[in-house]
Every structure is written in C-alpha cells, then in structure tokens.
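Input: a single structure, listed below in structure tokens.
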Amino acid sequence: MRMHIPTGTGAGRTVPEECPHVTAPASRAAEVLSRPITINGLTVPNRIVMAPMTRNFSPGGIPGADVASYYARRAAAGVGLIVTEGTYVGHESAGESTRVPRFHGEEQLAGWAKVAADVHAAGGTIVPQLWHIGMTRTPGKGPVPDAPVVGPSGLRPGADEPTGVTMTQRDLDDVIGAFAEAAAAAERIGFDGVEIHGAHGYLVDQFLWSGTNRRSDAYGGDLVARTKFAAEIVAAVRETVSAEFPIIFRYSQWKQEAYDARLAETPEELEAILSPLAAAGVDAFHASTRRYWLPEFADSDLNLAGWTKKLTGKQVITVGSVGLDGDFIKGFMGEGSPLRGIDDLLDRLEREEYDLVAVGRALLQDPEWAAKVLAGRTDELKAYDAVALRSLS
C-alpha cells in the first residue's frame, strides 16, 4: 500500500522570509497532487513523477542495491511514478559510459528486477527510460568502444559537417528491435510501463529535428516524414508488450547542444509531429521544457505539455525546474537554484492543462520532497546545491 501522508500535517506553518515564493497550502497541494490517475492499464497513486536523471552509479551497467534503495526511498516518501534514469538499449552504439545502466543482459536485468520490486514494496510505480544517444556519443567510449557513432545523417546536434555514420535500413531495424526487446524485458521483469527517450538531442530526437536529419529517404524530409523512425519504435514496442502496458514518449524542443532548437514553430507543426506518434501507440507524452511556467507559442499561456494535451488528447507529464527558480543546466554546473513556489503549477493542474508533474533536481536534492509538499512542510524544503548533492543519494 502507498504510504499515507496526512493532509493536515504542517498546515498553518509560516514560510521563512528567505523562501517567499513557497506558498502552496498543505490542503491544496494534497488535494490537487494526491489524486490517482490511470495511464492505460496502470493506476498511479498520485500526480507526482520522478523525472529521469543520469547518475553514472551502475558499474558495468548493472544497477545495484544502492540504486534500488535510491528509487525506493523516493517512492516511500510519496512519489507516485518513477521514471528511471536513461538506460541503454541493446545496440552496440547506444551509449558511451560503462557506469550508465543498461536494459539488456542477465546481470543488468536482474538488478533492474530488484529495483522494480523494491519500488513496488514502497508503494510506488516505476517505468524504465529506454535510451540510445546516437550522435552525441564520443568515439572510442562506451560498453563497445569500437562501435561506430551513428545517427540519421551522421551529424551531431549543432554541427554542420558529419562526424559519424549515416544509419542504413539495417541499422534502423536493429535499433527498433533493441527498443522492442527492452520493452518486452521491462514487462517480463515486473516494470509498470516504459518511457521512450525521444528528447534532448539524442538518437530518436535527432530524427525528429531538421538540424540533424538531412535524409532524402522515407525517414527524412518534412515534419511527418521525420517522425517515421520514432513512430516505428513506438509501434514495435506496442506490438511486443501487452495491450494494457503503458508507453510514455518523452520529447523536447531544446537539445543539449542547441538550447534554442525547435521541432515546431506553431501548434499546427507540433500537431503534425505528435499525431503519428499517438497513432502508433503512445499512451502518454512527457513534454520536457527547461522552465515549465513559460508559454510555448505566442498568444497563449499554454506550455509545451498543455499544447501536447490539447492537440493529441493524450495524457501528459509536464516537467522543467519544478520547485526551483533557476536554469537546471547551470544548476548541474554548480550554481545553486533557489526555491520557487508551485501555486501556478497547481493552478494549471486543476485546469487539466496537463495530468502529471515530473520533479527532477528537487527530488535529487531532497528524497522527501513529495512528502513535504503533500504535508505542507514547505519550510523544510531545500534549495538545490549541486556541490552538496555529490555526497547525497
């Protein structure tokens, strides 16, 4: 059973002067965030999601007992759905670190089975994020150092000249198969769904973006053609897993190496991109922005998640500096991020602009973030400190 957090605990506490933005009352936060929601066949006990965050704590790609404890601790403290850090699918060019977990191999999957079991025992639900980094890989690094660096056109995000290998049809089929095999393994070992990483300039996103996809075949060209690879991955996963097994698709406009990049300049263009993915079998979208409170297009206050739900009718997770007031890239580089209130977040959730809220750095910093917010203990929340975080788990 999910840990019960009394909605009255902490009610009436005053917020310290140094945290003037933290104002959401306990009763309102609990009322809005504590509602269960069903994504396909999965019932999530509340609206709080742990965002995927790479940690490099899995030597040999194997998540150990410390990784299981890390996720279970946050589930026990009230996180309804955990999306794991990115996990490499079983393709030789998928990743560049030997310490990032993999979602293939006997030892690796045994480790992940323990993670899922511990999260369930703590009352949470969990999906792995399936990942291929494509052209962002450094040559000569990774679990398979000799593997080529591959992408739709051999271009890194933000680069003008190819530095890698343009994928052949066989390459495409192999990667699609690797995602499907990983999804099947996730269902087999007890996970509650999967998330496909189609954001931030990695392989799937490299096909979606015109800056990295210069192909002249069926996988390149206009907006809809550039969705073909992603849609085929979704369709292959949908065919491999059971009908009620949720598929989440994470996407973004921005890229790690091109913050100002945009897949779509208008709602009409965004609809052209998302519709084939929804039709292929996506149950929910995870719309990644750097700051959730910023509008995505002119003449509307809707953020990317809000537009995604309006255009597709699918359930949507919003994300982007939740609980913190500062750019997350700068935060990871060592600059602190002060606390930011969530009243506007709750307003939008009440209006059903989106359905769930993913929390990243705030949950890295404070495993008890969900419990504190739901119980009104906002005076106990901690500002993000990347330096101090290195000693935490």
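By convention in this document, the chains of the structure tokens carry letters A, B, ... by their order, each chain's residues are numbered from 1, and ligands are numbered from 1 in the order they are shown.
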Practice task
Using DSSP on the backbone coordinates, identify all residues within stretch 125-226 of chain A classified as helix (DSSP H, G or I); present the result as a PyMOL selection string.
Solution key: chain A and resi 134-136+169-188+203-208+225-226
For the selection just defined, write its residues with C-alpha atoms to a file, as a PDB file, in the first residue's frame.
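See result.pdb below for the written result:
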ATOM      1  CA  GLY A 134      23.141   8.373 -31.222  1.00  0.00           C
ATOM      2  CA  MET A 135      25.462  11.095 -32.479  1.00  0.00           C
ATOM      3  CA  THR A 136      26.177  12.564 -29.040  1.00  0.00           C
ATOM      4  CA  GLN A 169      17.978   0.455 -43.105  1.00  0.00           C
ATOM      5  CA  ARG A 170      19.598  -2.470 -41.301  1.00  0.00           C
ATOM      6  CA  ASP A 171      20.851  -0.093 -38.610  1.00  0.00           C
ATOM      7  CA  LEU A 172      17.375   1.351 -38.212  1.00  0.00           C
ATOM      8  CA  ASP A 173      15.801  -2.084 -37.945  1.00  0.00           C
ATOM      9  CA  ASP A 174      18.389  -3.174 -35.370  1.00  0.00           C
ATOM     10  CA  VAL A 175      17.728  -0.163 -33.151  1.00  0.00           C
ATOM     11  CA  ILE A 176      13.955  -0.511 -33.464  1.00  0.00           C
ATOM     12  CA  GLY A 177      14.336  -4.151 -32.456  1.00  0.00           C
ATOM     13  CA  ALA A 178      16.521  -3.196 -29.486  1.00  0.00           C
ATOM     14  CA  PHE A 179      13.849  -0.846 -28.128  1.00  0.00           C
ATOM     15  CA  ALA A 180      11.177  -3.511 -28.564  1.00  0.00           C
ATOM     16  CA  GLU A 181      13.306  -6.160 -26.829  1.00  0.00           C
ATOM     17  CA  ALA A 182      13.997  -3.828 -23.907  1.00  0.00           C
ATOM     18  CA  ALA A 183      10.286  -3.067 -23.529  1.00  0.00           C
ATOM     19  CA  ALA A 184       9.432  -6.760 -23.545  1.00  0.00           C
ATOM     20  CA  ALA A 185      12.084  -7.338 -20.874  1.00  0.00           C
ATOM     21  CA  ALA A 186      10.639  -4.500 -18.776  1.00  0.00           C
ATOM     22  CA  GLU A 187       7.217  -6.113 -18.734  1.00  0.00           C
ATOM     23  CA  ARG A 188       8.686  -9.552 -18.072  1.00  0.00           C
ATOM     24  CA  LEU A 203      19.068   9.482 -31.349  1.00  0.00           C
ATOM     25  CA  VAL A 204      15.271   9.476 -31.637  1.00  0.00           C
ATOM     26  CA  ASP A 205      15.224  13.270 -31.375  1.00  0.00           C
ATOM     27  CA  GLN A 206      17.975  13.502 -33.994  1.00  0.00           C
ATOM     28  CA  PHE A 207      15.492  12.013 -36.457  1.00  0.00           C
ATOM     29  CA  LEU A 208      12.737  14.426 -35.412  1.00  0.00           C
ATOM     30  CA  ALA A 225       8.474  12.069 -42.572  1.00  0.00           C
ATOM     31  CA  ARG A 226      10.924  12.820 -39.787  1.00  0.00           C
TER      32      ARG A 226
END
Report as a compact mmCIF listing (two decimals) with C-alpha atoms, in the first residue's frame: the residues of stretch 233-357 of chain A with a DSSP assignment of strand (DSSP E or B), based on the backbone of this structure.
# COMPACT_ATOMS: atom_id res chain seq x y z
CA ILE A 247 4.06 3.53 -23.38
CA ILE A 248 5.28 7.02 -22.49
CA PHE A 249 7.16 9.13 -25.04
CA ARG A 250 9.44 11.92 -23.85
CA TYR A 251 10.21 14.73 -26.27
CA SER A 252 11.52 18.29 -26.21
CA GLN A 253 12.05 21.27 -28.44
CA TRP A 254 15.53 22.07 -26.98
CA LYS A 255 18.66 19.95 -27.36
CA ALA A 258 21.29 23.55 -29.11
CA ALA A 284 1.16 9.49 -22.55
CA PHE A 285 3.63 12.18 -23.56
CA HIS A 286 6.36 13.59 -21.32
CA ALA A 287 6.89 17.14 -22.59
CA SER A 288 10.32 18.31 -21.46
CA GLN A 315 -2.33 12.26 -21.00
CA VAL A 316 0.73 14.45 -20.49
CA ILE A 317 3.51 14.90 -17.93
CA THR A 318 4.93 18.40 -17.53
CA VAL A 319 8.49 18.99 -16.34
CA LEU A 324 13.22 25.63 -8.15
CA SER A 337 18.86 27.26 -7.55
CA LEU A 339 13.21 27.59 -4.14
CA LEU A 356 1.13 14.73 -14.01
CA VAL A 357 4.12 16.72 -12.81
Exercise for the section: For A:Pro276, please output as a PyMOL selection string all residues within 10 Å (counting only C-alpha atoms; exclusion window: fewer than 6 positions along the same chain). Expected result: chain A and resi 224-225+227-228+230-232+234+282+312
Exercise for the section: For stretch 43-48 of chain A, please output as an MDAnalysis selection string all residues within 6 Å (counting only C-alpha atoms; exclusion window: fewer than 5 positions along the same chain). Expected result: chainID A and resid 33:38 79:80 356:357
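Taking atom CA of A:Pro152 as the reference point, atom CA of A:Arg215 is found at 6.8 Å.
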At a cut-off of 10 Å, can you tabulate as JSON lines every residue of stretch 115-220 of chain A near stretch 50-56 of chain A together with its closest atom pair and the distance in Å to one decimal, using only C-alpha atoms and ordering rows by chain then number?
{"residue": "A:Ile126", "atom": "CA", "partner": "A:Met50", "partner_atom": "CA", "distance": 9.2}
{"residue": "A:Val127", "atom": "CA", "partner": "A:Pro52", "partner_atom": "CA", "distance": 9.9}
{"residue": "A:Pro128", "atom": "CA", "partner": "A:Pro52", "partner_atom": "CA", "distance": 8.7}
{"residue": "A:Gln129", "atom": "CA", "partner": "A:Pro52", "partner_atom": "CA", "distance": 7.2}
{"residue": "A:Glu195", "atom": "CA", "partner": "A:Pro52", "partner_atom": "CA", "distance": 9.7}
{"residue": "A:His197", "atom": "CA", "partner": "A:Pro52", "partner_atom": "CA", "distance": 9.7}
Emit the selected residues as a CSV table (one decimal), in the first residue's frame, including C-alpha atoms.
chain,number,residue,atom,x,y,z
A,126,ILE,CA,8.1,2.6,-12.0
A,127,VAL,CA,9.0,2.6,-15.7
A,128,PRO,CA,12.5,2.5,-17.3
A,129,GLN,CA,13.5,5.1,-19.7
A,195,GLU,CA,9.3,5.5,-21.5
A,197,HIS,CA,13.6,8.8,-24.7
Completion exercise
Of A:Arg377, A:Arg102, A:Arg291, A:Lys309, the one nearest to A:Ala358 when counting only C-alpha atoms is A:Arg291
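Between atom CA of A:Gly154 and atom CA of A:Val237 the interatomic distance comes to 25.3 Å.
Minimum distance to A:Lys141 across A:Arg99, A:Thr163, A:Thr125, A:Gly193 (counting only C-alpha atoms) occurs at A:Arg99.
Shortest separation to A:Tyr71 among A:Gly90, A:Gly211, A:Pro59, A:Gly123 occurs at residue A:Gly123, atoms counted being only C-alpha atoms.
The closest residue to A:Arg156, picked from A:Gly201, A:Gly64, A:Gly360, A:Pro101 and counting only C-alpha atoms, is A:Gly201.
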Who sits within 12 Å of A:Val67, only C-alpha atoms, same chain under 4 positions skipped, as a PDB file with N, CA and C atoms, in the first residue's frame:
ATOM      1  N   THR A  54      20.352  11.057 -15.154  1.00  0.00           N
ATOM      2  CA  THR A  54      21.534  10.210 -15.251  1.00  0.00           C
ATOM      3  C   THR A  54      22.459  10.435 -14.063  1.00  0.00           C
ATOM      4  N   ARG A  55      22.947   9.323 -13.468  1.00  0.00           N
ATOM      5  CA  ARG A  55      23.763   9.425 -12.264  1.00  0.00           C
ATOM      6  C   ARG A  55      25.114   8.715 -12.385  1.00  0.00           C
ATOM      7  N   ASN A  56      25.255   7.780 -13.326  1.00  0.00           N
ATOM      8  CA  ASN A  56      26.525   7.054 -13.501  1.00  0.00           C
ATOM      9  C   ASN A  56      26.923   6.263 -12.256  1.00  0.00           C
ATOM     10  N   PHE A  57      25.941   5.642 -11.601  1.00  0.00           N
ATOM     11  CA  PHE A  57      26.199   4.870 -10.391  1.00  0.00           C
ATOM     12  C   PHE A  57      26.019   3.364 -10.608  1.00  0.00           C
ATOM     13  N   SER A  58      26.142   2.898 -11.843  1.00  0.00           N
ATOM     14  CA  SER A  58      25.912   1.478 -12.139  1.00  0.00           C
ATOM     15  C   SER A  58      27.109   0.895 -12.879  1.00  0.00           C
ATOM     16  N   PRO A  59      28.194   0.565 -12.172  1.00  0.00           N
ATOM     17  CA  PRO A  59      29.378  -0.003 -12.825  1.00  0.00           C
ATOM     18  C   PRO A  59      29.024  -1.253 -13.629  1.00  0.00           C
ATOM     19  N   GLY A  61      27.149  -1.255 -16.028  1.00  0.00           N
ATOM     20  CA  GLY A  61      25.768  -1.133 -16.486  1.00  0.00           C
ATOM     21  C   GLY A  61      24.775  -1.863 -15.609  1.00  0.00           C
ATOM     22  N   ILE A  62      25.205  -2.292 -14.409  1.00  0.00           N
ATOM     23  CA  ILE A  62      24.362  -3.104 -13.525  1.00  0.00           C
ATOM     24  C   ILE A  62      23.871  -2.252 -12.355  1.00  0.00           C
ATOM     25  N   PRO A  63      22.570  -2.039 -12.221  1.00  0.00           N
ATOM     26  CA  PRO A  63      22.063  -1.310 -11.058  1.00  0.00           C
ATOM     27  C   PRO A  63      22.136  -2.195  -9.819  1.00  0.00           C
ATOM     28  N   TYR A  71      15.810   4.649  -5.521  1.00  0.00           N
ATOM     29  CA  TYR A  71      14.462   4.810  -6.059  1.00  0.00           C
ATOM     30  C   TYR A  71      13.392   4.474  -5.024  1.00  0.00           C
ATOM     31  N   ALA A  72      13.596   3.410  -4.261  1.00  0.00           N
ATOM     32  CA  ALA A  72      12.594   3.008  -3.274  1.00  0.00           C
ATOM     33  C   ALA A  72      12.398   4.075  -2.209  1.00  0.00           C
ATOM     34  N   ARG A  73      13.468   4.766  -1.847  1.00  0.00           N
ATOM     35  CA  ARG A  73      13.367   5.817  -0.835  1.00  0.00           C
ATOM     36  C   ARG A  73      12.425   6.920  -1.294  1.00  0.00           C
ATOM     37  N   ARG A  74      12.481   7.274  -2.556  1.00  0.00           N
ATOM     38  CA  ARG A  74      11.616   8.336  -3.061  1.00  0.00           C
ATOM     39  C   ARG A  74      10.185   7.844  -3.242  1.00  0.00           C
ATOM     40  N   THR A  84      12.927   5.948 -14.453  1.00  0.00           N
ATOM     41  CA  THR A  84      14.331   5.751 -14.133  1.00  0.00           C
ATOM     42  C   THR A  84      15.222   6.656 -14.975  1.00  0.00           C
ATOM     43  N   GLU A  85      16.458   6.754 -14.529  1.00  0.00           N
ATOM     44  CA  GLU A  85      17.468   7.378 -15.377  1.00  0.00           C
ATOM     45  C   GLU A  85      17.509   6.664 -16.726  1.00  0.00           C
ATOM     46  N   ARG A  99      29.233   3.175 -16.782  1.00  0.00           N
ATOM     47  CA  ARG A  99      28.578   3.316 -15.488  1.00  0.00           C
ATOM     48  C   ARG A  99      27.096   3.723 -15.592  1.00  0.00           C
ATOM     49  N   VAL A 100      26.640   3.948 -16.798  1.00  0.00           N
ATOM     50  CA  VAL A 100      25.216   4.177 -17.012  1.00  0.00           C
ATOM     51  C   VAL A 100      24.542   2.811 -17.126  1.00  0.00           C
ATOM     52  N   PRO A 101      23.401   2.608 -16.467  1.00  0.00           N
ATOM     53  CA  PRO A 101      22.777   1.284 -16.510  1.00  0.00           C
ATOM     54  C   PRO A 101      22.297   0.910 -17.905  1.00  0.00           C
ATOM     55  N   GLN A 108      22.295  -7.258 -15.648  1.00  0.00           N
ATOM     56  CA  GLN A 108      21.657  -5.942 -15.664  1.00  0.00           C
ATOM     57  C   GLN A 108      20.156  -6.061 -15.385  1.00  0.00           C
ATOM     58  N   GLY A 111      19.369  -6.908 -11.820  1.00  0.00           N
ATOM     59  CA  GLY A 111      19.445  -5.716 -10.981  1.00  0.00           C
ATOM     60  C   GLY A 111      18.203  -4.865 -11.102  1.00  0.00           C
ATOM     61  N   TRP A 112      17.714  -4.705 -12.317  1.00  0.00           N
ATOM     62  CA  TRP A 112      16.512  -3.895 -12.519  1.00  0.00           C
ATOM     63  C   TRP A 112      15.277  -4.550 -11.914  1.00  0.00           C
ATOM     64  N   ALA A 113      15.201  -5.876 -11.955  1.00  0.00           N
ATOM     65  CA  ALA A 113      14.069  -6.569 -11.331  1.00  0.00           C
ATOM     66  C   ALA A 113      14.006  -6.259  -9.841  1.00  0.00           C
ATOM     67  N   LYS A 114      15.180  -6.196  -9.189  1.00  0.00           N
ATOM     68  CA  LYS A 114      15.230  -5.858  -7.764  1.00  0.00           C
ATOM     69  C   LYS A 114      14.787  -4.405  -7.546  1.00  0.00           C
ATOM     70  N   VAL A 115      15.184  -3.512  -8.430  1.00  0.00           N
ATOM     71  CA  VAL A 115      14.759  -2.115  -8.326  1.00  0.00           C
ATOM     72  C   VAL A 115      13.230  -2.029  -8.382  1.00  0.00           C
ATOM     73  N   ALA A 116      12.634  -2.684  -9.382  1.00  0.00           N
ATOM     74  CA  ALA A 116      11.175  -2.633  -9.536  1.00  0.00           C
ATOM     75  C   ALA A 116      10.472  -3.217  -8.318  1.00  0.00           C
ATOM     76  N   ASP A 118      11.543  -3.403  -5.223  1.00  0.00           N
ATOM     77  CA  ASP A 118      11.692  -2.541  -4.054  1.00  0.00           C
ATOM     78  C   ASP A 118      10.805  -1.300  -4.159  1.00  0.00           C
ATOM     79  N   VAL A 119      10.666  -0.743  -5.351  1.00  0.00           N
ATOM     80  CA  VAL A 119       9.779   0.407  -5.536  1.00  0.00           C
ATOM     81  C   VAL A 119       8.334  -0.001  -5.270  1.00  0.00           C
ATOM     82  N   SER A 393      22.443  10.648  -1.641  1.00  0.00           N
ATOM     83  CA  SER A 393      21.951   9.574  -2.511  1.00  0.00           C
ATOM     84  C   SER A 393      20.440   9.577  -2.527  1.00  0.00           C
TER      85      SER A 393
END
Using only C-alpha atoms, determine which residues lie at most 10 Å from A:Glu271, disregarding the query and same-chain residues fewer than 2 positions distant; provide the list as a compact mmCIF listing (two decimals) with C-alpha atoms, in the first residue's frame.
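See around_23.txt below for the written result:
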# COMPACT_ATOMS: atom_id res chain seq x y z
CA LEU A 223 7.83 17.15 -40.36
CA VAL A 224 5.76 14.00 -40.75
CA ALA A 264 7.79 23.09 -34.19
CA THR A 266 3.46 26.66 -34.41
CA PRO A 267 0.78 24.47 -32.82
CA GLU A 268 -0.04 23.15 -36.29
CA GLU A 269 3.53 21.95 -36.78
CA ILE A 273 4.78 15.71 -35.26
CA LEU A 274 2.77 14.29 -32.38
CA SER A 275 -0.16 12.77 -34.27
CA PRO A 276 1.82 9.90 -35.89
CA TRP A 307 -0.34 22.17 -26.04
CA THR A 308 0.50 18.47 -26.24
CA LYS A 310 -4.80 19.95 -26.36
CA LEU A 311 -3.51 18.67 -29.71
CA THR A 312 -3.42 14.91 -29.03
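Nearest to A:Arg214 of all the residues A:Gly151, A:Ala272, A:Phe245, A:Leu349 is A:Gly151, counting only C-alpha atoms.
Minimum distance to A:Thr138 across A:Ser27, A:Ser97, A:Asn213, A:Gln365 (counting only C-alpha atoms) occurs at A:Ser97.
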